[in-house]
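A.B. asks: Got work-v4.tsv for you, TSV, C-alpha atoms:
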chain	number	residue	atom	x	y	z
A	34	MET	CA	5.22	0.27	23.85
A	35	ARG	CA	6.07	3.82	22.83
A	36	PRO	CA	4.01	6.66	24.33
A	37	HIS	CA	2.73	7.80	20.92
A	38	ALA	CA	1.55	4.25	20.15
A	39	LEU	CA	-0.44	4.26	23.40
A	40	ALA	CA	-1.95	7.61	22.47
A	41	VAL	CA	-3.05	6.25	19.09
A	42	LEU	CA	-4.62	3.17	20.69
A	43	PHE	CA	-6.30	5.29	23.37
A	44	ALA	CA	-7.71	7.72	20.81
A	45	LEU	CA	-8.96	4.93	18.58
A	46	THR	CA	-10.43	2.96	21.49
A	47	PHE	CA	-12.33	5.79	23.16
A	48	CYS	CA	-13.37	7.80	20.12
A	49	SER	CA	-16.74	7.24	18.53
A	50	LEU	CA	-16.25	4.30	16.18
A	51	PRO	CA	-19.12	3.27	13.91
A	52	ALA	CA	-17.70	-0.26	13.52
A	53	LEU	CA	-15.00	-2.15	15.35
A	54	ALA	CA	-14.24	-4.51	12.48
A	55	LEU	CA	-14.60	-3.79	8.76
A	56	GLU	CA	-14.04	-5.73	5.56
A	57	PRO	CA	-10.68	-4.99	3.95
A	58	PRO	CA	-11.12	-2.29	1.26
A	59	CYS	CA	-9.12	-4.32	-1.29
A	60	CYS	CA	-7.66	-7.82	-1.25
A	61	SER	CA	-6.69	-8.59	2.35
A	62	LEU	CA	-4.85	-5.34	3.00
A	63	GLY	CA	-5.19	-4.20	6.59
A	64	ASP	CA	-6.23	-7.66	7.81
A	65	VAL	CA	-2.91	-8.37	9.47
A	66	ASN	CA	-4.06	-11.24	11.70
A	67	GLY	CA	-5.97	-13.01	8.91
A	68	ASP	CA	-9.39	-13.10	10.58
A	69	GLY	CA	-11.17	-11.63	7.54
A	70	SER	CA	-11.67	-8.14	8.97
A	71	VAL	CA	-9.71	-4.95	9.65
A	72	SER	CA	-9.83	-3.96	13.32
A	73	LEU	CA	-7.85	-2.45	16.17
A	74	THR	CA	-6.38	-5.93	16.73
A	75	ASP	CA	-4.56	-5.48	13.42
A	76	VAL	CA	-3.25	-2.10	14.59
A	77	GLY	CA	-1.97	-3.74	17.78
A	78	LYS	CA	-0.22	-6.46	15.80
A	79	ILE	CA	1.64	-3.87	13.70
A	80	LEU	CA	2.57	-1.84	16.78
A	81	GLY	CA	3.92	-4.99	18.44
A	82	TYR	CA	5.99	-5.82	15.38
A	83	CYS	CA	7.34	-2.29	14.89
A	84	ASN	CA	8.26	-2.08	18.59
A	85	ASN	CA	10.11	-5.43	18.35
A	86	SER	CA	7.81	-7.34	20.70
A	87	GLN	CA	5.97	-9.48	18.13
A	88	ALA	CA	6.83	-11.27	14.89
A	89	LEU	CA	4.89	-11.14	11.61
A	90	THR	CA	4.76	-13.83	8.96
A	91	ALA	CA	5.52	-12.79	5.38
A	92	GLU	CA	1.79	-12.75	4.57
A	93	GLU	CA	0.98	-10.67	7.67
A	94	ALA	CA	3.70	-8.16	6.73
A	95	PHE	CA	2.31	-8.02	3.17
A	96	ASN	CA	-1.20	-7.23	4.49
A	97	ALA	CA	0.19	-4.74	7.04
A	98	ASP	CA	1.96	-2.65	4.38
A	99	VAL	CA	-1.11	-0.59	3.48
A	100	ASP	CA	0.87	2.41	2.20
A	101	GLY	CA	2.79	0.24	-0.27
A	102	ASP	CA	6.34	1.23	0.64
A	103	GLY	CA	7.51	-2.31	1.34
A	104	THR	CA	7.43	-2.20	5.14
A	105	PRO	CA	4.70	-2.04	7.82
A	106	CYS	CA	6.99	0.10	9.99
A	107	THR	CA	7.11	3.43	8.17
A	108	PRO	CA	7.79	6.18	10.73
A	109	ALA	CA	4.97	8.73	10.74
A	110	PRO	CA	5.55	12.48	10.98
A	111	GLY	CA	5.33	13.42	14.63
A	112	GLY	CA	5.95	9.85	15.82
A	113	GLY	CA	4.19	6.53	15.53
A	114	TRP	CA	3.93	4.11	12.64
A	115	PHE	CA	2.20	5.26	9.45
A	116	ASP	CA	0.67	1.91	8.44
A	117	ALA	CA	-0.82	1.43	11.93
A	118	MET	CA	-2.24	4.97	11.79
A	119	LEU	CA	-3.78	4.31	8.36
A	120	ILE	CA	-5.45	1.11	9.55
A	121	GLY	CA	-6.71	2.91	12.68
A	122	SER	CA	-8.08	5.70	10.50
A	123	TYR	CA	-9.82	3.12	8.29
A	124	VAL	CA	-11.41	1.41	11.31
A	125	GLY	CA	-12.46	4.83	12.61
A	126	SER	CA	-13.98	5.68	9.19
A	127	SER	CA	-11.69	8.68	8.69
A	128	ILE	CA	-10.52	7.13	5.40
A	129	SER	CA	-12.35	4.73	3.09
A	130	THR	CA	-9.38	2.90	1.57
A	131	PHE	CA	-5.60	2.55	1.78
A	132	PRO	CA	-3.04	4.24	-0.51
A	133	ARG	CA	-1.90	0.84	-1.76
A	134	CYS	CA	-5.44	-0.03	-2.88
A	135	GLY	CA	-5.20	2.75	-5.46
A	136	ASP	CA	-2.15	1.01	-6.87
A	137	LEU	CA	-4.07	-2.27	-7.08
A	138	ASN	CA	-7.05	-0.79	-8.89
A	139	TRP	CA	-5.10	1.54	-11.15
A	140	ASN	CA	-5.41	1.36	-14.95
A	141	GLY	CA	-1.72	1.64	-15.86
A	142	ASP	CA	-1.28	5.38	-16.52
A	143	LEU	CA	2.01	6.51	-14.98
A	144	GLU	CA	1.83	10.16	-15.96
A	145	PHE	CA	-1.78	10.92	-14.96
A	146	ASN	CA	-1.86	13.42	-17.83
A	147	ASN	CA	-5.53	12.77	-18.69
A	148	GLU	CA	-4.55	12.32	-22.34
A	149	SER	CA	-5.42	8.63	-22.26
A	150	ALA	CA	-7.73	6.41	-20.30
A	151	GLY	CA	-4.80	4.26	-19.24
A	152	TYR	CA	-1.37	3.08	-20.15
A	153	ASP	CA	0.24	4.57	-23.26
A	154	TYR	CA	3.58	4.56	-25.09
A	155	GLU	CA	4.83	7.58	-23.10
A	156	ASP	CA	4.42	5.55	-19.90
A	157	LEU	CA	6.51	2.73	-21.36
A	158	VAL	CA	9.27	5.20	-22.34
A	159	LEU	CA	9.16	6.81	-18.88
A	160	LEU	CA	9.52	3.40	-17.22
A	161	ARG	CA	12.38	2.32	-19.49
A	162	ARG	CA	14.28	5.59	-18.93
A	163	HIS	CA	13.93	5.14	-15.17
A	164	ILE	CA	15.25	1.56	-15.20
A	165	LEU	CA	18.16	2.51	-17.49
A	166	ASN	CA	19.10	5.37	-15.08
A	167	ILE	CA	18.58	7.99	-17.79
A	168	GLU	CA	15.76	9.92	-16.14
A	169	PHE	CA	14.54	8.95	-12.68
A	170	ILE	CA	10.90	8.93	-11.64
A	171	THR	CA	10.85	11.14	-8.54
A	172	ASP	CA	7.12	11.50	-7.84
A	173	PRO	CA	6.27	8.97	-5.08
A	174	LEU	CA	2.82	8.08	-6.49
A	175	THR	CA	4.19	7.60	-10.02
A	176	LEU	CA	7.05	5.52	-8.63
A	177	SER	CA	4.62	3.38	-6.63
A	178	ASN	CA	2.46	2.85	-9.71
A	179	ALA	CA	5.51	1.97	-11.81
A	180	ASP	CA	6.14	-0.92	-9.43
A	181	ALA	CA	3.55	-3.16	-11.09
A	182	SER	CA	4.92	-6.35	-9.54
A	183	ASP	CA	4.40	-4.81	-6.08
A	184	GLY	CA	8.00	-5.42	-5.12
A	185	VAL	CA	10.16	-2.93	-3.29
A	186	THR	CA	11.74	-1.40	-6.41
A	187	VAL	CA	10.97	-0.89	-10.08
A	188	THR	CA	12.63	-3.62	-12.15
A	189	THR	CA	12.68	-5.00	-15.69
A	190	TYR	CA	9.91	-7.39	-14.61
A	191	ASP	CA	7.68	-4.32	-14.24
A	192	ILE	CA	8.43	-3.42	-17.88
A	193	VAL	CA	7.33	-6.92	-18.91
A	194	LEU	CA	4.07	-6.53	-17.00
A	195	PHE	CA	3.43	-3.11	-18.56
A	196	GLN	CA	4.19	-4.37	-22.05
A	197	LYS	CA	1.62	-7.15	-21.56
A	198	LEU	CA	-0.87	-4.47	-20.52
A	199	TYR	CA	0.08	-2.20	-23.44
A	200	PHE	CA	-0.23	-4.92	-26.08
A	201	GLY	CA	-3.49	-6.26	-24.65
A	202	ILE	CA	-2.08	-9.57	-23.44
A	203	GLU	CA	-3.25	-8.80	-19.89
A	204	ASP	CA	-6.29	-6.81	-18.74
A	205	GLY	CA	-4.69	-5.42	-15.61
A	206	VAL	CA	-1.57	-5.40	-13.51
A	207	PRO	CA	-1.54	-8.29	-11.01
A	208	SER	CA	-0.55	-6.49	-7.82
A	209	CYS	CA	-2.94	-8.07	-5.35
A	210	GLU	CA	-1.42	-11.49	-4.86
A	211	PHE	CA	0.81	-12.46	-1.97
Go ahead and express the file in the form of structure tokens.

C.D. replies:
Amino acid sequence: MRPHALAVLFALTFCSLPALALEPPCCSLGDVNGDGSVSLTDVGKILGYCNNSQALTAEEAFNADVDGDGTPCTPAPGGGWFDAMLIGSYVGSSISTFPRCGDLNWNGDLEFNNESAGYDYEDLVLLRRHILNIEFITDPLTLSNADASDGVTVTTYDIVLFQKLYFGIEDGVPSCEF
């Protein structure tokens, strides 16, 4: 195990923790081992996987990717693994949710321009221009939200999902299913 991973585990283990196991903030995100709660055991499972000493099933990897970038092994600034640090921060009550949960509960607005309560025609144009390589979405949060299918990249399937939302065929974007 890397030294920085040990430091994270040590800090999380010996710091004042109000609860050692919490309910996942949304869906099953953070519950890597599938026991119904988010705990330091989940952090350990991610650290084992990222340090090549443990395997994850596809569902475990899906639940471990709490930042929504498609992998549970995102290197953190200064060392360590970002998803493991986020789960540790959630268990330690430093954060109340995960970045990916915002994507799952989001109302469809890509531009966050406060001109509409949700998805509008400008969002559809922005998404189409990105997929056609005319004008790329560069903001990470906007790009993450544009990935409605919760895949690794923005595809034409995401346009289909957004059109269903825009025309009222669907009430929300289904991003919570494994």

A.B. asks: Just want the 8 Å neighbourhood of A:Ile79, counted on only C-alpha atoms, with same-chain residues fewer than 5 positions away dropped. Output as a ChimeraX atom specification.

C.D. replies: /A:65,97,105-106,116-117

A.B. asks: Write to file, as an mmCIF file, in the frame of the given file, the residues of the selection just made, with C-alpha atoms.

C.D. replies:
data_model
loop_
_atom_site.group_PDB
_atom_site.id
_atom_site.type_symbol
_atom_site.label_atom_id
_atom_site.label_comp_id
_atom_site.auth_asym_id
_atom_site.auth_seq_id
_atom_site.Cartn_x
_atom_site.Cartn_y
_atom_site.Cartn_z
ATOM 1 C CA VAL A 65 -2.910 -8.370 9.470
ATOM 2 C CA ALA A 97 0.190 -4.740 7.040
ATOM 3 C CA PRO A 105 4.700 -2.040 7.820
ATOM 4 C CA CYS A 106 6.990 0.100 9.990
ATOM 5 C CA ASP A 116 0.670 1.910 8.440
ATOM 6 C CA ALA A 117 -0.820 1.430 11.930
#

A.B. asks: May I ask for the distance between atom CA of A:Pro132 and atom CA of A:Ile167, given in Å to one decimal place?

C.D. replies: 27.9 Å

A.B. asks: From the set A:Asn166, A:Thr104, A:Ser86, A:Ser72, which residue has the shortest atom-to-atom contact distance to A:Ser122, counting only C-alpha atoms?

C.D. replies: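 The closest residue to A:Ser122 is A:Ser72.
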
A.B. asks: Have a look at A:Leu160, A:Val124, A:Val99, A:Cys83 and name the one nearest to A:Leu53; count all atoms listed in the file.

C.D. replies: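 Counting all atoms listed in the file, the residue closest to A:Leu53 is A:Val124.
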
A.B. asks: What is the distance, in Å and to one decimal place, between atom CA of A:Glu203 and atom CA of A:Gly67?

C.D. replies: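 According to the coordinates, atom CA of A:Glu203 and atom CA of A:Gly67 are separated by 29.2 Å.
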
A.B. asks: If you take every atom of stretch 57-71 of chain A that the file lists and fit an axis-aligned box around them with 8 Å extra on each side, what centre and edge lengths come out in Å to one decimal, as AutoDock Vina command-line options?

C.D. replies:
--center_x -7.3 --center_y -7.7 --center_z 5.2 --size_x 24.8 --size_y 26.8 --size_z 29.0

A.B. asks: Could you give me, as a PyMOL selection string, the residues that sit within 10 Å of (4.1, 6.9, 13.3) in the file's coordinates, counting only C-alpha atoms?

C.D. replies: chain A and resi 37-38+41+80+83+106-119

A.B. asks: Take the residues from that selection and write them out as a PDB file, keeping the file's coordinate frame, keeping C-alpha atoms.

C.D. replies:
ATOM      1  CA  HIS A  37       2.730   7.800  20.920  1.00  0.00           C
ATOM      2  CA  ALA A  38       1.550   4.250  20.150  1.00  0.00           C
ATOM      3  CA  VAL A  41      -3.050   6.250  19.090  1.00  0.00           C
ATOM      4  CA  LEU A  80       2.570  -1.840  16.780  1.00  0.00           C
ATOM      5  CA  CYS A  83       7.340  -2.290  14.890  1.00  0.00           C
ATOM      6  CA  CYS A 106       6.990   0.100   9.990  1.00  0.00           C
ATOM      7  CA  THR A 107       7.110   3.430   8.170  1.00  0.00           C
ATOM      8  CA  PRO A 108       7.790   6.180  10.730  1.00  0.00           C
ATOM      9  CA  ALA A 109       4.970   8.730  10.740  1.00  0.00           C
ATOM     10  CA  PRO A 110       5.550  12.480  10.980  1.00  0.00           C
ATOM     11  CA  GLY A 111       5.330  13.420  14.630  1.00  0.00           C
ATOM     12  CA  GLY A 112       5.950   9.850  15.820  1.00  0.00           C
ATOM     13  CA  GLY A 113       4.190   6.530  15.530  1.00  0.00           C
ATOM     14  CA  TRP A 114       3.930   4.110  12.640  1.00  0.00           C
ATOM     15  CA  PHE A 115       2.200   5.260   9.450  1.00  0.00           C
ATOM     16  CA  ASP A 116       0.670   1.910   8.440  1.00  0.00           C
ATOM     17  CA  ALA A 117      -0.820   1.430  11.930  1.00  0.00           C
ATOM     18  CA  MET A 118      -2.240   4.970  11.790  1.00  0.00           C
ATOM     19  CA  LEU A 119      -3.780   4.310   8.360  1.00  0.00           C
TER      20      LEU A 119
END
